[in-house]
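Structure data (TSV, C-alpha atoms and all ligand atoms) from input.tsv:
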```
chain	number	residue	atom	x	y	z
A	1	MET	CA	-46.76	30.20	-4.76
A	2	ARG	CA	-48.12	27.60	-2.38
A	3	ALA	CA	-44.66	26.08	-1.99
A	4	TYR	CA	-43.00	29.44	-1.29
A	5	HIS	CA	-45.81	30.23	1.16
A	6	ARG	CA	-44.97	27.01	3.04
A	7	LEU	CA	-41.30	28.05	3.13
A	8	GLY	CA	-42.28	31.40	4.66
A	9	LEU	CA	-40.93	33.31	1.65
A	10	ILE	CA	-44.13	34.48	-0.01
A	11	ASP	CA	-44.15	38.03	1.39
A	12	ALA	CA	-40.61	38.74	0.21
A	13	ILE	CA	-41.48	37.27	-3.21
A	14	LYS	CA	-44.63	39.40	-3.48
A	15	GLN	CA	-42.66	42.52	-2.53
A	16	GLN	CA	-39.66	41.97	-4.79
A	17	GLY	CA	-41.34	40.12	-7.65
A	18	ALA	CA	-44.63	40.67	-9.46
A	19	ILE	CA	-48.03	39.11	-8.96
A	20	THR	CA	-50.51	38.66	-11.80
A	21	ASN	CA	-53.98	37.14	-11.64
A	22	LYS	CA	-54.82	36.99	-15.30
A	23	THR	CA	-53.36	35.86	-18.62
A	24	ARG	CA	-54.49	37.68	-21.73
A	25	LEU	CA	-54.40	35.85	-25.07
A	26	PHE	CA	-53.80	37.84	-28.25
A	27	ARG	CA	-53.39	37.06	-31.92
A	28	PHE	CA	-49.76	37.81	-32.79
A	29	ASP	CA	-50.74	41.15	-34.36
A	30	GLY	CA	-52.11	42.37	-31.01
A	31	THR	CA	-55.82	41.56	-31.54
A	32	HIS	CA	-57.27	40.51	-28.18
A	33	LEU	CA	-58.67	36.93	-28.21
A	34	HIS	CA	-59.71	36.29	-24.62
A	35	ASP	CA	-58.54	36.20	-21.00
A	36	LEU	CA	-57.69	33.02	-19.11
A	37	GLU	CA	-59.15	32.33	-15.70
A	38	GLU	CA	-56.41	31.96	-13.10
A	39	PRO	CA	-58.15	30.64	-10.02
A	40	VAL	CA	-56.77	31.98	-6.74
A	41	ILE	CA	-54.97	29.05	-5.09
A	42	GLU	CA	-55.91	29.73	-1.50
A	43	GLU	CA	-57.16	32.76	0.40
A	44	GLY	CA	-54.40	35.39	0.14
A	45	LEU	CA	-52.36	33.37	-2.36
A	46	PRO	CA	-52.21	34.70	-5.91
A	47	ALA	CA	-52.32	32.23	-8.80
A	48	THR	CA	-49.16	33.25	-10.62
A	49	GLY	CA	-46.30	35.67	-10.52
A	50	GLY	CA	-42.79	36.25	-11.72
A	51	ILE	CA	-39.48	37.19	-10.19
A	52	MET	CA	-35.96	37.64	-11.55
A	53	ARG	CA	-33.79	34.64	-10.71
A	54	PRO	CA	-30.97	36.55	-8.86
A	55	ILE	CA	-33.58	38.21	-6.63
A	56	LEU	CA	-35.24	34.88	-5.83
A	57	HIS	CA	-31.80	33.40	-5.13
A	58	ARG	CA	-30.99	36.24	-2.72
A	59	ILE	CA	-34.27	35.68	-0.85
A	60	MET	CA	-33.62	31.92	-0.58
A	61	GLN	CA	-29.94	32.38	0.35
A	62	SER	CA	-30.79	34.72	3.23
A	63	ARG	CA	-33.15	32.06	4.60
A	64	VAL	CA	-30.40	29.41	4.31
A	65	HIS	CA	-28.03	31.73	6.22
A	66	GLU	CA	-30.70	32.43	8.90
A	67	LEU	CA	-31.09	28.68	9.41
A	68	ALA	CA	-27.28	28.39	9.76
A	69	ILE	CA	-27.15	25.61	7.15
A	70	SER	CA	-23.57	24.86	6.25
A	71	VAL	CA	-22.79	25.52	2.56
A	72	ARG	CA	-19.62	24.74	0.59
A	73	LEU	CA	-19.32	26.27	-2.88
A	74	GLY	CA	-17.00	25.69	-5.83
A	75	LEU	CA	-16.72	21.91	-5.70
A	76	THR	CA	-18.43	18.90	-7.20
A	77	VAL	CA	-18.86	15.24	-6.47
A	78	ASP	CA	-16.47	12.68	-7.99
A	79	LEU	CA	-17.66	9.41	-6.43
A	80	LEU	CA	-20.79	8.20	-4.65
A	81	GLN	CA	-21.10	4.83	-2.98
A	82	ASN	CA	-23.91	3.35	-0.91
A	83	VAL	CA	-22.27	1.63	2.07
A	84	ASP	CA	-24.63	-0.07	4.55
A	85	ALA	CA	-27.17	2.63	5.37
A	86	GLU	CA	-24.92	5.56	4.45
A	87	VAL	CA	-23.29	7.14	1.41
A	88	ASP	CA	-19.56	7.66	0.92
A	89	VAL	CA	-18.94	10.85	-1.04
A	90	SER	CA	-15.64	11.92	-2.64
A	91	PHE	CA	-15.48	15.60	-3.53
A	92	SER	CA	-13.43	17.27	-6.26
A	93	ASP	CA	-11.26	19.07	-3.67
A	94	GLY	CA	-9.97	15.68	-2.50
A	95	THR	CA	-12.12	15.52	0.66
A	96	HIS	CA	-14.36	12.57	1.63
A	97	GLU	CA	-17.46	12.51	3.83
A	98	ARG	CA	-20.09	9.98	4.85
A	99	TYR	CA	-23.79	10.98	4.95
A	100	ASP	CA	-27.16	9.44	5.92
A	101	LEU	CA	-28.67	10.74	2.68
A	102	VAL	CA	-27.45	12.44	-0.51
A	103	VAL	CA	-29.94	14.62	-2.43
A	104	GLY	CA	-28.92	15.29	-6.03
A	105	ALA	CA	-30.42	18.69	-6.92
A	106	ASP	CA	-27.83	19.41	-9.61
A	107	SER	CA	-30.12	20.11	-12.53
A	108	VAL	CA	-30.70	18.84	-16.03
A	109	ALA	CA	-27.16	17.51	-16.63
A	110	SER	CA	-26.99	16.02	-13.11
A	111	ARG	CA	-23.64	14.54	-12.10
A	112	VAL	CA	-25.30	12.66	-9.25
A	113	ARG	CA	-27.69	11.07	-11.79
A	114	GLU	CA	-24.77	10.10	-14.00
A	115	LEU	CA	-22.89	8.52	-11.07
A	116	ALA	CA	-25.71	6.66	-9.32
A	117	PHE	CA	-28.64	6.13	-11.73
A	118	PRO	CA	-27.54	4.05	-14.74
A	119	HIS	CA	-31.18	3.44	-15.80
A	120	MET	CA	-31.66	7.17	-16.53
A	121	GLY	CA	-30.45	9.24	-19.49
A	122	PRO	CA	-29.92	12.80	-20.66
A	123	ALA	CA	-32.85	15.14	-21.38
A	124	GLN	CA	-34.08	14.94	-24.98
A	125	PRO	CA	-34.15	18.00	-27.28
A	126	THR	CA	-37.75	18.92	-28.18
A	127	GLY	CA	-36.90	20.72	-31.42
A	128	GLN	CA	-37.69	24.21	-30.11
A	129	GLY	CA	-35.47	26.99	-28.82
A	130	CYS	CA	-36.47	29.80	-26.47
A	131	TRP	CA	-35.48	33.46	-26.77
A	132	ARG	CA	-35.77	35.66	-23.71
A	133	ILE	CA	-35.31	39.36	-23.16
A	134	SER	CA	-35.52	41.11	-19.81
A	135	ILE	CA	-36.73	44.69	-20.27
A	136	ALA	CA	-38.63	47.61	-18.69
A	137	ARG	CA	-42.35	47.04	-18.14
A	138	PRO	CA	-44.45	48.38	-21.04
A	139	PRO	CA	-46.90	51.13	-20.02
A	140	SER	CA	-50.39	49.75	-19.16
A	141	PHE	CA	-49.06	46.16	-18.88
A	142	ASP	CA	-51.18	44.55	-16.11
A	143	ALA	CA	-51.41	40.78	-16.82
A	144	ALA	CA	-49.34	38.00	-18.32
A	145	GLU	CA	-49.74	37.95	-22.11
A	146	PHE	CA	-49.54	35.25	-24.83
A	147	PHE	CA	-49.32	36.04	-28.55
A	148	LEU	CA	-50.59	33.10	-30.61
A	149	GLY	CA	-51.30	32.12	-34.20
A	150	HIS	CA	-47.72	32.75	-35.37
A	151	ALA	CA	-45.12	30.11	-36.24
A	152	ASN	CA	-42.97	31.70	-33.49
A	153	PRO	CA	-45.33	32.35	-30.56
A	154	CYS	CA	-44.30	34.69	-27.78
A	155	GLY	CA	-45.43	35.91	-24.39
A	156	ILE	CA	-44.67	38.47	-21.71
A	157	THR	CA	-44.42	37.89	-17.96
A	158	ALA	CA	-44.09	40.51	-15.21
A	159	CYS	CA	-40.99	39.92	-13.07
A	160	GLY	CA	-40.91	42.91	-10.75
A	161	PRO	CA	-42.48	46.29	-10.13
A	162	ASP	CA	-40.87	47.73	-13.28
A	163	LYS	CA	-39.54	44.67	-15.13
A	164	VAL	CA	-40.95	42.09	-17.55
A	165	TYR	CA	-39.44	39.40	-19.65
A	166	LEU	CA	-40.55	38.41	-23.10
A	167	TRP	CA	-40.08	34.86	-24.39
A	168	LEU	CA	-40.36	33.73	-27.99
A	169	LEU	CA	-40.22	30.16	-29.27
A	170	THR	CA	-38.70	29.10	-32.58
A	171	PRO	CA	-37.81	25.77	-34.16
A	172	HIS	CA	-34.23	25.07	-33.02
A	173	VAL	CA	-31.52	24.89	-35.67
A	174	GLU	CA	-28.26	23.23	-34.57
A	175	ARG	CA	-25.16	25.35	-35.13
A	176	GLU	CA	-21.47	25.14	-34.27
A	177	ASN	CA	-20.98	28.41	-32.41
A	178	PHE	CA	-22.84	30.49	-29.82
A	179	MET	CA	-24.44	33.75	-30.97
A	180	ASP	CA	-22.69	36.92	-29.84
A	181	GLU	CA	-24.65	39.78	-28.25
A	182	GLU	CA	-25.09	41.67	-31.54
A	183	GLU	CA	-26.54	38.61	-33.28
A	184	LEU	CA	-28.85	37.92	-30.33
A	185	PHE	CA	-30.13	41.50	-30.47
A	186	THR	CA	-30.68	41.80	-34.23
A	187	THR	CA	-32.15	38.30	-34.59
A	188	LEU	CA	-34.66	38.73	-31.76
A	189	ARG	CA	-35.71	42.15	-33.05
A	190	SER	CA	-36.29	40.72	-36.48
A	191	LEU	CA	-38.18	37.67	-35.07
A	192	LEU	CA	-40.56	40.14	-33.39
A	193	GLY	CA	-41.19	41.89	-36.73
A	194	ASP	CA	-44.82	40.72	-37.17
A	195	PHE	CA	-45.94	41.26	-33.59
A	196	GLY	CA	-48.27	43.97	-32.29
A	197	GLY	CA	-49.42	45.01	-28.81
A	198	HIS	CA	-46.82	45.01	-26.05
A	199	ALA	CA	-44.64	42.55	-28.01
A	200	GLY	CA	-44.42	45.18	-30.76
A	201	TRP	CA	-43.69	47.83	-28.12
A	202	ILE	CA	-40.78	45.73	-26.85
A	203	ARG	CA	-39.41	45.32	-30.41
A	204	GLU	CA	-39.45	49.10	-30.85
A	205	THR	CA	-38.04	49.84	-27.39
A	206	MET	CA	-35.39	47.13	-26.91
A	207	THR	CA	-31.75	48.21	-26.75
A	208	ARG	CA	-28.43	46.43	-26.78
A	209	ALA	CA	-28.22	46.98	-23.01
A	210	ASP	CA	-31.20	44.68	-22.37
A	211	TRP	CA	-30.32	41.11	-21.34
A	212	ILE	CA	-31.05	38.61	-24.14
A	213	ASN	CA	-30.67	34.84	-23.98
A	214	TYR	CA	-31.31	31.92	-26.36
A	215	ARG	CA	-31.49	28.28	-25.25
A	216	PRO	CA	-32.51	25.08	-27.08
A	217	LEU	CA	-35.20	23.22	-25.11
A	218	ALA	CA	-34.90	19.69	-23.74
A	219	ALA	CA	-37.09	17.66	-21.40
A	220	ALA	CA	-37.11	14.32	-19.57
A	221	LEU	CA	-39.22	12.67	-16.96
A	222	GLN	CA	-36.72	10.13	-15.64
A	223	PRO	CA	-38.00	6.58	-15.08
A	224	ALA	CA	-38.51	5.28	-11.56
A	225	PRO	CA	-36.91	4.58	-9.17
A	226	TRP	CA	-35.81	8.11	-8.28
A	227	SER	CA	-33.65	6.86	-5.44
A	228	ASN	CA	-30.83	4.34	-5.20
A	229	GLY	CA	-30.11	3.27	-1.62
A	230	ARG	CA	-29.55	6.54	0.24
A	231	ILE	CA	-29.15	8.70	-2.89
A	232	VAL	CA	-32.18	10.55	-4.28
A	233	LEU	CA	-32.83	13.07	-7.06
A	234	VAL	CA	-35.06	16.18	-7.08
A	235	GLY	CA	-35.79	18.99	-9.54
A	236	ASP	CA	-34.51	19.18	-13.11
A	237	ALA	CA	-32.19	16.24	-12.40
A	238	VAL	CA	-35.25	13.98	-12.49
A	239	HIS	CA	-38.12	16.02	-14.03
A	240	ALA	CA	-36.68	18.56	-16.47
A	241	THR	CA	-39.39	20.32	-18.46
A	242	THR	CA	-39.77	22.98	-21.15
A	243	PRO	CA	-40.99	26.49	-20.24
A	244	HIS	CA	-44.51	26.07	-21.68
A	245	LEU	CA	-46.16	25.93	-18.25
A	246	ALA	CA	-43.40	28.02	-16.61
A	247	SER	CA	-43.29	25.33	-13.94
A	248	GLY	CA	-39.72	23.98	-13.88
A	249	ALA	CA	-38.73	25.98	-10.81
A	250	GLY	CA	-42.15	25.43	-9.23
A	251	MET	CA	-41.86	21.66	-9.60
A	252	ALA	CA	-38.30	21.70	-8.21
A	253	VAL	CA	-39.35	23.61	-5.09
A	254	GLU	CA	-42.43	21.42	-4.59
A	255	SER	CA	-40.30	18.28	-4.90
A	256	GLY	CA	-37.84	19.59	-2.30
A	257	ILE	CA	-40.66	20.26	0.17
A	258	ALA	CA	-42.37	16.92	-0.55
A	259	LEU	CA	-39.09	15.07	0.04
A	260	ALA	CA	-38.55	16.81	3.38
A	261	GLU	CA	-42.15	16.20	4.48
A	262	GLU	CA	-42.16	12.52	3.53
A	263	LEU	CA	-38.81	11.88	5.24
A	264	THR	CA	-40.13	13.56	8.38
A	265	ALA	CA	-43.36	11.53	8.36
A	266	ALA	CA	-41.93	8.10	7.52
A	267	GLU	CA	-40.55	5.60	10.01
A	268	THR	CA	-37.53	4.81	7.86
A	269	ILE	CA	-35.59	6.79	5.26
A	270	GLU	CA	-36.34	4.11	2.64
A	271	ALA	CA	-40.11	4.44	3.27
A	272	GLY	CA	-39.80	8.25	3.07
A	273	LEU	CA	-37.97	8.05	-0.28
A	274	GLN	CA	-40.66	5.76	-1.73
A	275	ALA	CA	-43.47	7.98	-0.45
A	276	TYR	CA	-41.73	11.01	-2.03
A	277	GLU	CA	-41.57	9.31	-5.41
A	278	ARG	CA	-45.22	8.14	-5.24
A	279	ARG	CA	-46.32	11.66	-4.31
A	280	ARG	CA	-44.38	13.45	-7.06
A	281	PHE	CA	-44.27	11.15	-10.09
A	282	GLU	CA	-47.72	11.77	-11.64
A	283	ARG	CA	-47.72	15.54	-11.07
A	284	CYS	CA	-44.26	15.91	-12.63
A	285	ARG	CA	-45.23	13.57	-15.49
A	286	ASP	CA	-48.27	15.77	-16.18
A	287	VAL	CA	-46.12	18.95	-16.32
A	288	VAL	CA	-43.42	17.41	-18.54
A	289	ASP	CA	-45.87	15.62	-20.92
A	290	THR	CA	-48.22	18.60	-21.26
A	291	SER	CA	-45.32	21.02	-21.82
A	292	VAL	CA	-43.80	18.79	-24.51
A	293	ARG	CA	-47.25	18.40	-26.16
A	294	MET	CA	-47.72	22.18	-26.21
A	295	GLY	CA	-44.33	22.59	-27.88
A	296	LYS	CA	-45.15	19.95	-30.48
A	297	LEU	CA	-48.45	21.65	-31.23
A	298	GLN	CA	-46.56	24.89	-31.88
A	299	LEU	CA	-44.01	23.17	-34.12
A	300	ASP	CA	-46.93	21.63	-36.07
A	301	ASN	CA	-48.62	25.05	-36.32
A	302	GLY	CA	-51.66	23.70	-34.42
A	303	PRO	CA	-54.74	25.81	-33.63
A	304	PRO	CA	-54.29	28.46	-30.88
A	305	GLU	CA	-57.59	27.28	-29.31
A	306	GLU	CA	-56.08	23.81	-28.71
A	307	PHE	CA	-53.02	25.45	-27.15
A	308	ALA	CA	-55.23	27.58	-24.86
A	309	ARG	CA	-57.23	24.48	-23.86
A	310	LEU	CA	-54.08	22.53	-22.94
A	311	LEU	CA	-52.74	25.51	-20.97
A	312	GLN	CA	-55.95	26.18	-19.07
A	313	SER	CA	-56.62	22.55	-18.14
A	314	ALA	CA	-53.02	22.06	-16.99
A	315	LEU	CA	-53.20	25.19	-14.81
A	316	ALA	CA	-56.44	23.90	-13.25
A	317	ARG	CA	-54.77	20.54	-12.44
A	318	LEU	CA	-51.67	22.28	-11.05
A	319	ASN	CA	-53.91	24.37	-8.83
A	320	ARG	CA	-54.57	21.25	-6.74
A	321	SER	CA	-52.30	20.92	-3.74
A	322	PHE	CA	-49.11	18.93	-4.09
B	1	LIG	C1	-33.15	30.62	-19.33
B	1	LIG	C2	-34.10	29.82	-18.44
B	1	LIG	C3	-35.34	30.37	-18.08
B	1	LIG	C4	-36.23	29.67	-17.26
B	1	LIG	N1	-37.42	30.24	-16.91
B	1	LIG	C5	-38.24	29.61	-16.05
B	1	LIG	C6	-39.46	30.20	-15.64
B	1	LIG	O1	-39.83	31.29	-16.10
B	1	LIG	N2	-40.23	29.55	-14.72
B	1	LIG	C7	-39.87	28.35	-14.20
B	1	LIG	O2	-40.59	27.81	-13.34
B	1	LIG	N3	-38.74	27.74	-14.60
B	1	LIG	C8	-37.92	28.34	-15.50
B	1	LIG	N4	-36.77	27.73	-15.90
B	1	LIG	C9	-36.50	26.39	-15.37
B	1	LIG	C10	-35.92	26.49	-13.96
B	1	LIG	O3	-34.81	27.36	-13.95
B	1	LIG	C11	-35.51	25.10	-13.52
B	1	LIG	O4	-36.58	24.19	-13.68
B	1	LIG	C12	-35.10	25.11	-12.04
B	1	LIG	O5	-34.07	26.05	-11.82
B	1	LIG	C13	-34.67	23.71	-11.62
B	1	LIG	O6	-34.19	23.76	-10.31
B	1	LIG	P1	-33.07	22.76	-9.81
B	1	LIG	O7	-32.87	23.10	-8.38
B	1	LIG	O8	-33.44	21.38	-10.19
B	1	LIG	O9	-31.78	23.13	-10.66
B	1	LIG	P2	-30.99	24.51	-10.78
B	1	LIG	O10	-31.82	25.66	-10.34
B	1	LIG	O11	-30.41	24.52	-12.15
B	1	LIG	O12	-29.83	24.36	-9.71
B	1	LIG	C14	-28.83	23.37	-9.85
B	1	LIG	C15	-27.64	23.77	-9.05
B	1	LIG	O13	-26.70	22.69	-9.07
B	1	LIG	C16	-25.42	23.19	-9.40
B	1	LIG	N5	-24.71	22.12	-10.13
B	1	LIG	C17	-24.97	21.62	-11.36
B	1	LIG	N6	-24.11	20.65	-11.67
B	1	LIG	C18	-23.29	20.52	-10.61
B	1	LIG	C19	-22.19	19.67	-10.33
B	1	LIG	N7	-21.75	18.76	-11.20
B	1	LIG	N8	-21.56	19.82	-9.14
B	1	LIG	C20	-21.99	20.74	-8.25
B	1	LIG	N9	-23.02	21.56	-8.45
B	1	LIG	C21	-23.66	21.45	-9.62
B	1	LIG	C22	-25.67	24.41	-10.27
B	1	LIG	O14	-24.57	25.27	-10.22
B	1	LIG	C23	-26.92	25.00	-9.59
B	1	LIG	O15	-26.56	25.82	-8.52
B	1	LIG	C24	-35.88	28.38	-16.77
B	1	LIG	C25	-34.65	27.83	-17.13
B	1	LIG	C26	-33.77	28.53	-17.97
B	1	LIG	C27	-32.44	27.89	-18.35
```
For the file at hand, write its structure as structure tokens.
Amino acid sequence: MRAYHRLGLIDAIKQQGAITNKTRLFRFDGTHLHDLEEPVIEEGLPATGGIMRPILHRIMQSRVHELAISVRLGLTVDLLQNVDAEVDVSFSDGTHERYDLVVGADSVASRVRELAFPHMGPAQPTGQGCWRISIARPPSFDAAEFFLGHANPCGITACGPDKVYLWLLTPHVERENFMDEEELFTTLRSLLGDFGGHAGWIRETMTRADWINYRPLAAALQPAPWSNGRIVLVGDAVHATTPHLASGAGMAVESGIALAEELTAAETIEAGLQAYERRRFERCRDVVDTSVRMGKLQLDNGPPEEFARLLQSALARLNRSF
């Protein structure tokens, strides 16, 4: 929220997404346990919220267009080479360019990382998989919700005036093929079988027209250095996390802003890149480590109180400015 505020996008996000100031914890059967404090970040800035990804992308794309930033789509990078104080880039459409700086923001399976950072490796599976369904907002839903104490915990997040999404975590079982839409629907409905409250309402209300997705989880905090000459990584390329703190996108946006600010403040690009890494490493490590710990606790069927403690203390640390 703070990062989007700095980018001047917070009003559009508030209007087109959903803001929540509380997280309610329930036993999986719908029995209320307690509510989590979500301290307001700054005057006028809500603690948490949700928005559907295509809507967020539209908001960010319009800003990119307003700023007249040149964008080329539908190509990738084939070769990267630091030459003096510049980078030679060969693109997949056969073109070549030379730049002062290359920022690899190409996500968890980053090609830029593969080409220029031999000391890094792929994200590691955590043993869990995440189900998600995007669906109409249940009546009387007014705060984020977590359903705990079940081998397959789940939660609900508001994503717009009339939309929520429900997530549910299971141990991940490797398989050869992808699930088709029918299998996604029937499996998720059956996984929700024991749940009460709004999770039960979603089980009873979901239809085959609702969007359902399943993804195995993987995470990696890549070892320093995060830059090589004039090539630097941000976002999932260098700090991919699991959804337990719902902070992957937040960390990516924060890292982008921190990189820009440090480059602006520093006397040389090299000093800016080092300052960026110093500023981001610990905060990203905290998010990745805590998220992976929360997932492990769930796989081990750990106590819901321990989960709530990890969640609440991490949110309090994240509340500090980046
Ligand atoms: C199903 C799902 C749900 C999630 N839910 C949440 C959530 O609720 N909250 C949250 O904070 N985070 C969530 N995340 C995580 C969040 O999406 C990521 O942390 C965030 O998008 C990372 O941003 P990024 O800019 O690093 O990468 P991305 O947003 O993945 O963007 C990378 C871009 O690079 C492009 N690209 C990739 N490879 C190449 C290549 N070789 N050449 C050219 N272009 C390339 C891609 O097309 C894409 O446009 C979720 C992730 C998934 C998969």
For Pro118 of chain A: contacts at 12 Å, all atoms listed in the file, fewer than 5 positions along chain excluded, given as a ChimeraX atom specification: /A:111-113,222-228
Around segment 158-176 of chain A, fit a box with edges along x, y and z, padding it by 4 Å on each side, then list its centre and edge lengths in Å to one decimal as AutoDock Vina command-line options.
```
--center_x -32.8 --center_y 35.5 --center_z -22.9 --size_x 30.6 --size_y 32.5 --size_z 33.5
```
Where does segment 20-85 of chain A meet segment 175-195 of chain A within 8 Å, residue by residue, with the nearest atom pair and distance in Å to one decimal for each, counting only C-alpha atoms, listed by chain and rising number, as JSON lines?
```
{"residue": "A:Phe28", "atom": "CA", "partner": "A:Phe195", "partner_atom": "CA", "distance": 5.2}
{"residue": "A:Asp29", "atom": "CA", "partner": "A:Phe195", "partner_atom": "CA", "distance": 4.9}
{"residue": "A:Gly30", "atom": "CA", "partner": "A:Phe195", "partner_atom": "CA", "distance": 6.8}
```
Tell me which protein, DNA and RNA residues are within 10 Å of segment 300-305 of chain A, counting all atoms listed in the file, leaving out same-chain ones fewer than 6 positions away, and put them as a PyMOL selection string. chain A and resi 25-27+33+147-153+294+311
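By all atoms listed in the file, and with residues fewer than 2 positions from Glu97 of chain A along its chain excluded, the set lying at most 12 Å from it is Val77, Asp78, Leu79, Leu80, Gln81, Glu86, Val87, Asp88, Val89, Ser90, Phe91, Ser92, Asp93, Gly94, Thr95, Tyr99, Asp100, Leu101 and Val102 of chain A.
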Contact check, chain A to ligand LIG 1 (chain B), at most 7 Å, counting all atoms listed in the file, closest pairs as a tab-separated table:
```
residue	atom	partner	partner_atom	distance
A:Leu75	CA	B:LIG1	C20	6.0
A:Thr76	CA	B:LIG1	N8	3.8
A:Val77	CA	B:LIG1	N8	5.9
A:Ala105	CA	B:LIG1	O8	5.2
A:Asp106	CA	B:LIG1	O13	3.5
A:Ser107	CA	B:LIG1	O9	3.9
A:Val108	CA	B:LIG1	O11	6.9
A:Ala109	CA	B:LIG1	N6	6.6
A:Ser110	CA	B:LIG1	N6	5.6
A:Arg111	CA	B:LIG1	N7	4.7
A:Asn213	CA	B:LIG1	C1	6.8
A:Arg215	CA	B:LIG1	C1	6.6
A:Val234	CA	B:LIG1	O8	6.3
A:Gly235	CA	B:LIG1	O8	3.4
A:Asp236	CA	B:LIG1	O8	3.8
A:Ala237	CA	B:LIG1	O8	5.7
A:Ala240	CA	B:LIG1	O4	6.3
A:Thr241	CA	B:LIG1	O4	6.8
A:Pro243	CA	B:LIG1	C5	5.9
A:Ala246	CA	B:LIG1	N2	4.0
A:Ser247	CA	B:LIG1	O2	3.7
A:Gly248	CA	B:LIG1	O4	3.2
A:Ala249	CA	B:LIG1	O2	3.6
A:Gly250	CA	B:LIG1	O2	5.0
A:Ala252	CA	B:LIG1	O6	5.1
```
At a cut-off of 7 Å, using only C-alpha atoms, what residues contact Gly17 of chain A? Leave out same-chain residues fewer than 6 positions from it and give the result as JSON, numbers by chain. {"A": [50, 51, 159, 160, 161]}
